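The structure appears below as structure tokens.
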Amino acid sequence: MGGMMPTLLEQARQAQAGTEKVARANQLRHQLAVIQERSVEWAARKRQHAQLRMKAGYLRLDDFASAQLANADESVRALCSEARQRLQVSGSIQALAEDELWVQLLAKAESANKLREEAIRAAWRLLIQELGEVEPANTVASRIPATPANEGVLARYRELHARYTALRSTAMPADEGSADQLRACVEQLREIHATLTPAPVAVQKFFKAIEAGGATLDLMTEEVLIWLKSHDDWGRFVVRLRVGNAWR
């Protein structure tokens, strides 16, 4: 029975092995925690980079901005390559702490993203300026008589102008299709504007009176009659006697 009992030396060795096992486990847990932390830090920069590239879409960046972005991206790639090599050689995440490599990499990535964001904002503002402003729907409606033909067109104009306003009011494009959407809105709004039937001043006065409750006969001039017959549905107008003016 006594011969089967472990010796003190064996007990010591077992205790040492157990301690070393616990130490290795703790070291592994620490390594995994550090790796996870580094992954989260890098993933945030990489995700922002991808989002910015998507937002740029079909925006035209000038040559100077494009060159700056290319240089910034190359600096980030060089540090990424160095970090990868260190990990392959050492096999330890701690290698990234040498010469503050990881801090430099994150800073370079952050700087490149900021530079890209500023370039996209500038290109977006330039596109808006180049396309020019489109006349607001209410301004157009104030000059265009509410004829059956114009009403449907004005409704479409209002819908498109609301979309146009939402696009151009953003500091930067929401996604890769924003630039093309803005161009399309401006083009369609101008096409619609060209189809709207303008009206002489006399006709505008007549319609404003109609909208206010009714037009008097003195507003029904020959010019107005001719215009209505040519551009409106003549059958939708009726003549009524004003209440309170009946003959006694």
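Residue names in the structure tokens use chain letters A, B, ... in the order shown, residue numbers from 1 in each chain, and ligand numbers from 1 in the order shown.
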
Hey, what's within 10 Å of A:Asp73 if we count only C-alpha atoms and toss same-chain stuff fewer than 2 positions away? As a ChimeraX atom specification, please?
/A:49,67-71,75-78,108-109,111-113,116

Which residues, written as a short mmCIF file (atom, residue, chain, number, x, y, z; two decimals) with all heavy atoms, in the first residue's frame, have at least one atom at most 9 Å from A:Asn150, with only C-alpha atoms counted and residues fewer than 5 positions away on the same chain left out?
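Now in out.cif:
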```cif
data_model
loop_
_atom_site.label_atom_id
_atom_site.label_comp_id
_atom_site.auth_asym_id
_atom_site.auth_seq_id
_atom_site.Cartn_x
_atom_site.Cartn_y
_atom_site.Cartn_z
N ILE A 144 -48.65 78.16 -62.89
CA ILE A 144 -49.30 77.23 -63.80
C ILE A 144 -50.74 77.02 -63.37
O ILE A 144 -51.00 76.62 -62.24
CB ILE A 144 -48.56 75.87 -63.82
CG1 ILE A 144 -47.10 76.07 -64.21
CG2 ILE A 144 -49.23 74.89 -64.76
CD1 ILE A 144 -46.89 76.65 -65.58
N PRO A 145 -51.71 77.27 -64.25
CA PRO A 145 -53.12 77.07 -63.89
C PRO A 145 -53.43 75.61 -63.60
O PRO A 145 -52.85 74.71 -64.20
CB PRO A 145 -53.87 77.56 -65.15
CG PRO A 145 -52.89 77.44 -66.25
CD PRO A 145 -51.56 77.74 -65.64
N ALA A 155 -48.45 67.03 -59.76
CA ALA A 155 -48.33 66.03 -58.68
C ALA A 155 -47.03 65.25 -58.82
O ALA A 155 -46.32 64.99 -57.84
CB ALA A 155 -49.53 65.10 -58.71
N THR A 195 -42.96 70.63 -70.04
CA THR A 195 -44.25 70.20 -70.58
C THR A 195 -45.42 70.98 -70.00
O THR A 195 -46.53 70.91 -70.55
CB THR A 195 -44.48 68.70 -70.30
OG1 THR A 195 -44.60 68.50 -68.88
CG2 THR A 195 -43.34 67.86 -70.84
N LEU A 196 -45.20 71.67 -68.90
CA LEU A 196 -46.28 72.41 -68.26
C LEU A 196 -46.72 73.59 -69.14
O LEU A 196 -45.89 74.31 -69.67
CB LEU A 196 -45.85 72.92 -66.88
CG LEU A 196 -45.64 71.82 -65.83
CD1 LEU A 196 -44.99 72.40 -64.59
CD2 LEU A 196 -46.95 71.16 -65.47
N THR A 197 -48.01 73.75 -69.28
CA THR A 197 -48.55 74.79 -70.15
C THR A 197 -48.55 76.14 -69.43
O THR A 197 -49.26 76.30 -68.43
CB THR A 197 -49.99 74.46 -70.57
OG1 THR A 197 -50.01 73.16 -71.13
CG2 THR A 197 -50.52 75.46 -71.56
#
```

If you run DSSP over the backbone, which residues in stretch 45-240 of chain A end up helix (DSSP H, G or I)? Put them as a PyMOL selection string.
chain A and resi 45-56+63-90+93-131+137-143+148-168+178-195+201-212+217-219+222-231+234-236

Just the residues within 9 Å of A:Leu219, please, counting only C-alpha atoms, with nothing from its chain fewer than 6 positions along; format it as a list in words.
Ala202, Val203, Lys205, Phe206 and Ala209 of chain A

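Close contacts of A:Glu187, defined as residues with an atom at most 10 Å away when counting only C-alpha atoms, with chain neighbours fewer than 5 positions off set aside, comprise A:Leu131, A:Val134, A:Gln181, A:Leu182, A:Ile192, A:His193.
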
Please determine, counting only C-alpha atoms, which residue among A:Trp42, A:Trp102, A:Trp124, A:Tyr157 has the shortest atom-to-atom distance to A:Lys55.
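Distance minimum relative to A:Lys55 lands on A:Trp124.
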
From atom CA of A:Pro173 to atom CA of A:Ile120 the spacing works out at 8.1 Å

In terms of the shortest atom-to-atom distance over only C-alpha atoms, which of A:Ala119, A:Val140, A:Val201, A:Ala162 is closest to A:Asp63?
A:Ala119

Which residues come within 12 Å of A:Val103, counting only C-alpha atoms, excluding same-chain residues fewer than 4 positions away, as a VMD selection string?
chain A and resid 38 41 to 42 76 79 to 80 83 96 to 99 107 to 110

Report, in Å to a single decimal, how far apart atom CA of A:Leu52 and atom CA of A:Gln85 are.
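Straight-line distance from atom CA of A:Gln85 to atom CA of A:Leu52 works out to 27.7 Å.
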
To one decimal place, how far is atom CA of A:Ala194 from atom CA of A:Arg60 in Å?
28.6 Å

Which residues, written as a PDB file with N, CA, C and O atoms, in the first residue's frame, have at least one atom at most 12 Å from A:Pro136, with only C-alpha atoms counted and residues fewer than 2 positions away on the same chain left out?
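What follows is the written file part-v2.pdb:
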```pdb
ATOM      1  N   GLU A 133     -29.894  74.555 -59.206  1.00  0.00           N
ATOM      2  CA  GLU A 133     -31.130  74.406 -58.450  1.00  0.00           C
ATOM      3  C   GLU A 133     -32.309  74.235 -59.391  1.00  0.00           C
ATOM      4  O   GLU A 133     -32.324  74.743 -60.498  1.00  0.00           O
ATOM      5  N   VAL A 134     -33.306  73.517 -58.907  1.00  0.00           N
ATOM      6  CA  VAL A 134     -34.545  73.307 -59.657  1.00  0.00           C
ATOM      7  C   VAL A 134     -35.653  74.081 -58.955  1.00  0.00           C
ATOM      8  O   VAL A 134     -35.723  74.103 -57.731  1.00  0.00           O
ATOM      9  N   ASN A 138     -44.013  74.674 -55.364  1.00  0.00           N
ATOM     10  CA  ASN A 138     -45.004  75.723 -55.068  1.00  0.00           C
ATOM     11  C   ASN A 138     -44.834  76.922 -55.989  1.00  0.00           C
ATOM     12  O   ASN A 138     -45.825  77.553 -56.386  1.00  0.00           O
ATOM     13  N   THR A 139     -43.600  77.252 -56.329  1.00  0.00           N
ATOM     14  CA  THR A 139     -43.347  78.369 -57.237  1.00  0.00           C
ATOM     15  C   THR A 139     -43.884  78.054 -58.628  1.00  0.00           C
ATOM     16  O   THR A 139     -44.490  78.898 -59.289  1.00  0.00           O
ATOM     17  N   VAL A 140     -43.643  76.829 -59.070  1.00  0.00           N
ATOM     18  CA  VAL A 140     -44.151  76.406 -60.376  1.00  0.00           C
ATOM     19  C   VAL A 140     -45.671  76.423 -60.379  1.00  0.00           C
ATOM     20  O   VAL A 140     -46.308  76.938 -61.311  1.00  0.00           O
ATOM     21  N   ALA A 141     -46.271  75.879 -59.324  1.00  0.00           N
ATOM     22  CA  ALA A 141     -47.731  75.797 -59.240  1.00  0.00           C
ATOM     23  C   ALA A 141     -48.383  77.170 -59.214  1.00  0.00           C
ATOM     24  O   ALA A 141     -49.507  77.346 -59.707  1.00  0.00           O
ATOM     25  N   SER A 142     -47.680  78.167 -58.654  1.00  0.00           N
ATOM     26  CA  SER A 142     -48.265  79.517 -58.580  1.00  0.00           C
ATOM     27  C   SER A 142     -48.392  80.163 -59.949  1.00  0.00           C
ATOM     28  O   SER A 142     -49.188  81.088 -60.143  1.00  0.00           O
ATOM     29  N   ARG A 143     -47.624  79.692 -60.940  1.00  0.00           N
ATOM     30  CA  ARG A 143     -47.659  80.272 -62.281  1.00  0.00           C
ATOM     31  C   ARG A 143     -48.439  79.416 -63.270  1.00  0.00           C
ATOM     32  O   ARG A 143     -48.785  79.874 -64.346  1.00  0.00           O
ATOM     33  N   LEU A 154     -48.186  68.291 -62.231  1.00  0.00           N
ATOM     34  CA  LEU A 154     -47.709  68.977 -61.027  1.00  0.00           C
ATOM     35  C   LEU A 154     -47.544  68.010 -59.859  1.00  0.00           C
ATOM     36  O   LEU A 154     -46.614  68.151 -59.052  1.00  0.00           O
ATOM     37  N   TYR A 157     -44.379  66.335 -60.357  1.00  0.00           N
ATOM     38  CA  TYR A 157     -43.307  67.301 -60.115  1.00  0.00           C
ATOM     39  C   TYR A 157     -43.054  67.434 -58.609  1.00  0.00           C
ATOM     40  O   TYR A 157     -41.908  67.452 -58.159  1.00  0.00           O
ATOM     41  N   ARG A 158     -44.135  67.521 -57.825  1.00  0.00           N
ATOM     42  CA  ARG A 158     -43.995  67.646 -56.375  1.00  0.00           C
ATOM     43  C   ARG A 158     -43.294  66.414 -55.790  1.00  0.00           C
ATOM     44  O   ARG A 158     -42.422  66.524 -54.920  1.00  0.00           O
ATOM     45  N   GLU A 159     -43.696  65.238 -56.253  1.00  0.00           N
ATOM     46  CA  GLU A 159     -43.103  64.005 -55.757  1.00  0.00           C
ATOM     47  C   GLU A 159     -41.603  63.946 -56.055  1.00  0.00           C
ATOM     48  O   GLU A 159     -40.785  63.634 -55.175  1.00  0.00           O
ATOM     49  N   LEU A 160     -41.238  64.276 -57.283  1.00  0.00           N
ATOM     50  CA  LEU A 160     -39.828  64.255 -57.667  1.00  0.00           C
ATOM     51  C   LEU A 160     -39.025  65.335 -56.941  1.00  0.00           C
ATOM     52  O   LEU A 160     -37.882  65.105 -56.546  1.00  0.00           O
ATOM     53  N   HIS A 161     -39.641  66.499 -56.772  1.00  0.00           N
ATOM     54  CA  HIS A 161     -38.920  67.594 -56.122  1.00  0.00           C
ATOM     55  C   HIS A 161     -38.656  67.287 -54.649  1.00  0.00           C
ATOM     56  O   HIS A 161     -37.612  67.676 -54.101  1.00  0.00           O
ATOM     57  N   ALA A 162     -39.589  66.583 -54.011  1.00  0.00           N
ATOM     58  CA  ALA A 162     -39.370  66.177 -52.613  1.00  0.00           C
ATOM     59  C   ALA A 162     -38.179  65.224 -52.524  1.00  0.00           C
ATOM     60  O   ALA A 162     -37.348  65.316 -51.610  1.00  0.00           O
ATOM     61  N   ARG A 163     -38.077  64.299 -53.479  1.00  0.00           N
ATOM     62  CA  ARG A 163     -36.948  63.364 -53.513  1.00  0.00           C
ATOM     63  C   ARG A 163     -35.644  64.115 -53.794  1.00  0.00           C
ATOM     64  O   ARG A 163     -34.605  63.842 -53.185  1.00  0.00           O
ATOM     65  N   TYR A 164     -35.701  65.059 -54.727  1.00  0.00           N
ATOM     66  CA  TYR A 164     -34.536  65.874 -55.082  1.00  0.00           C
ATOM     67  C   TYR A 164     -34.046  66.673 -53.869  1.00  0.00           C
ATOM     68  O   TYR A 164     -32.847  66.720 -53.589  1.00  0.00           O
ATOM     69  N   THR A 165     -34.978  67.281 -53.143  1.00  0.00           N
ATOM     70  CA  THR A 165     -34.625  68.081 -51.970  1.00  0.00           C
ATOM     71  C   THR A 165     -33.979  67.219 -50.890  1.00  0.00           C
ATOM     72  O   THR A 165     -32.998  67.619 -50.249  1.00  0.00           O
ATOM     73  N   VAL A 186     -33.047  65.714 -61.316  1.00  0.00           N
ATOM     74  CA  VAL A 186     -32.912  67.029 -61.956  1.00  0.00           C
ATOM     75  C   VAL A 186     -33.348  66.952 -63.415  1.00  0.00           C
ATOM     76  O   VAL A 186     -34.091  67.821 -63.902  1.00  0.00           O
ATOM     77  N   LEU A 189     -37.198  66.509 -63.572  1.00  0.00           N
ATOM     78  CA  LEU A 189     -37.893  67.735 -63.157  1.00  0.00           C
ATOM     79  C   LEU A 189     -37.875  68.778 -64.268  1.00  0.00           C
ATOM     80  O   LEU A 189     -38.885  69.451 -64.526  1.00  0.00           O
ATOM     81  N   ARG A 190     -36.752  68.903 -64.936  1.00  0.00           N
ATOM     82  CA  ARG A 190     -36.659  69.879 -66.021  1.00  0.00           C
ATOM     83  C   ARG A 190     -37.486  69.446 -67.236  1.00  0.00           C
ATOM     84  O   ARG A 190     -38.069  70.291 -67.933  1.00  0.00           O
ATOM     85  N   HIS A 193     -41.054  70.254 -66.256  1.00  0.00           N
ATOM     86  CA  HIS A 193     -41.231  71.707 -66.273  1.00  0.00           C
ATOM     87  C   HIS A 193     -41.475  72.188 -67.698  1.00  0.00           C
ATOM     88  O   HIS A 193     -42.295  73.096 -67.936  1.00  0.00           O
TER      89      HIS A 193
END
```
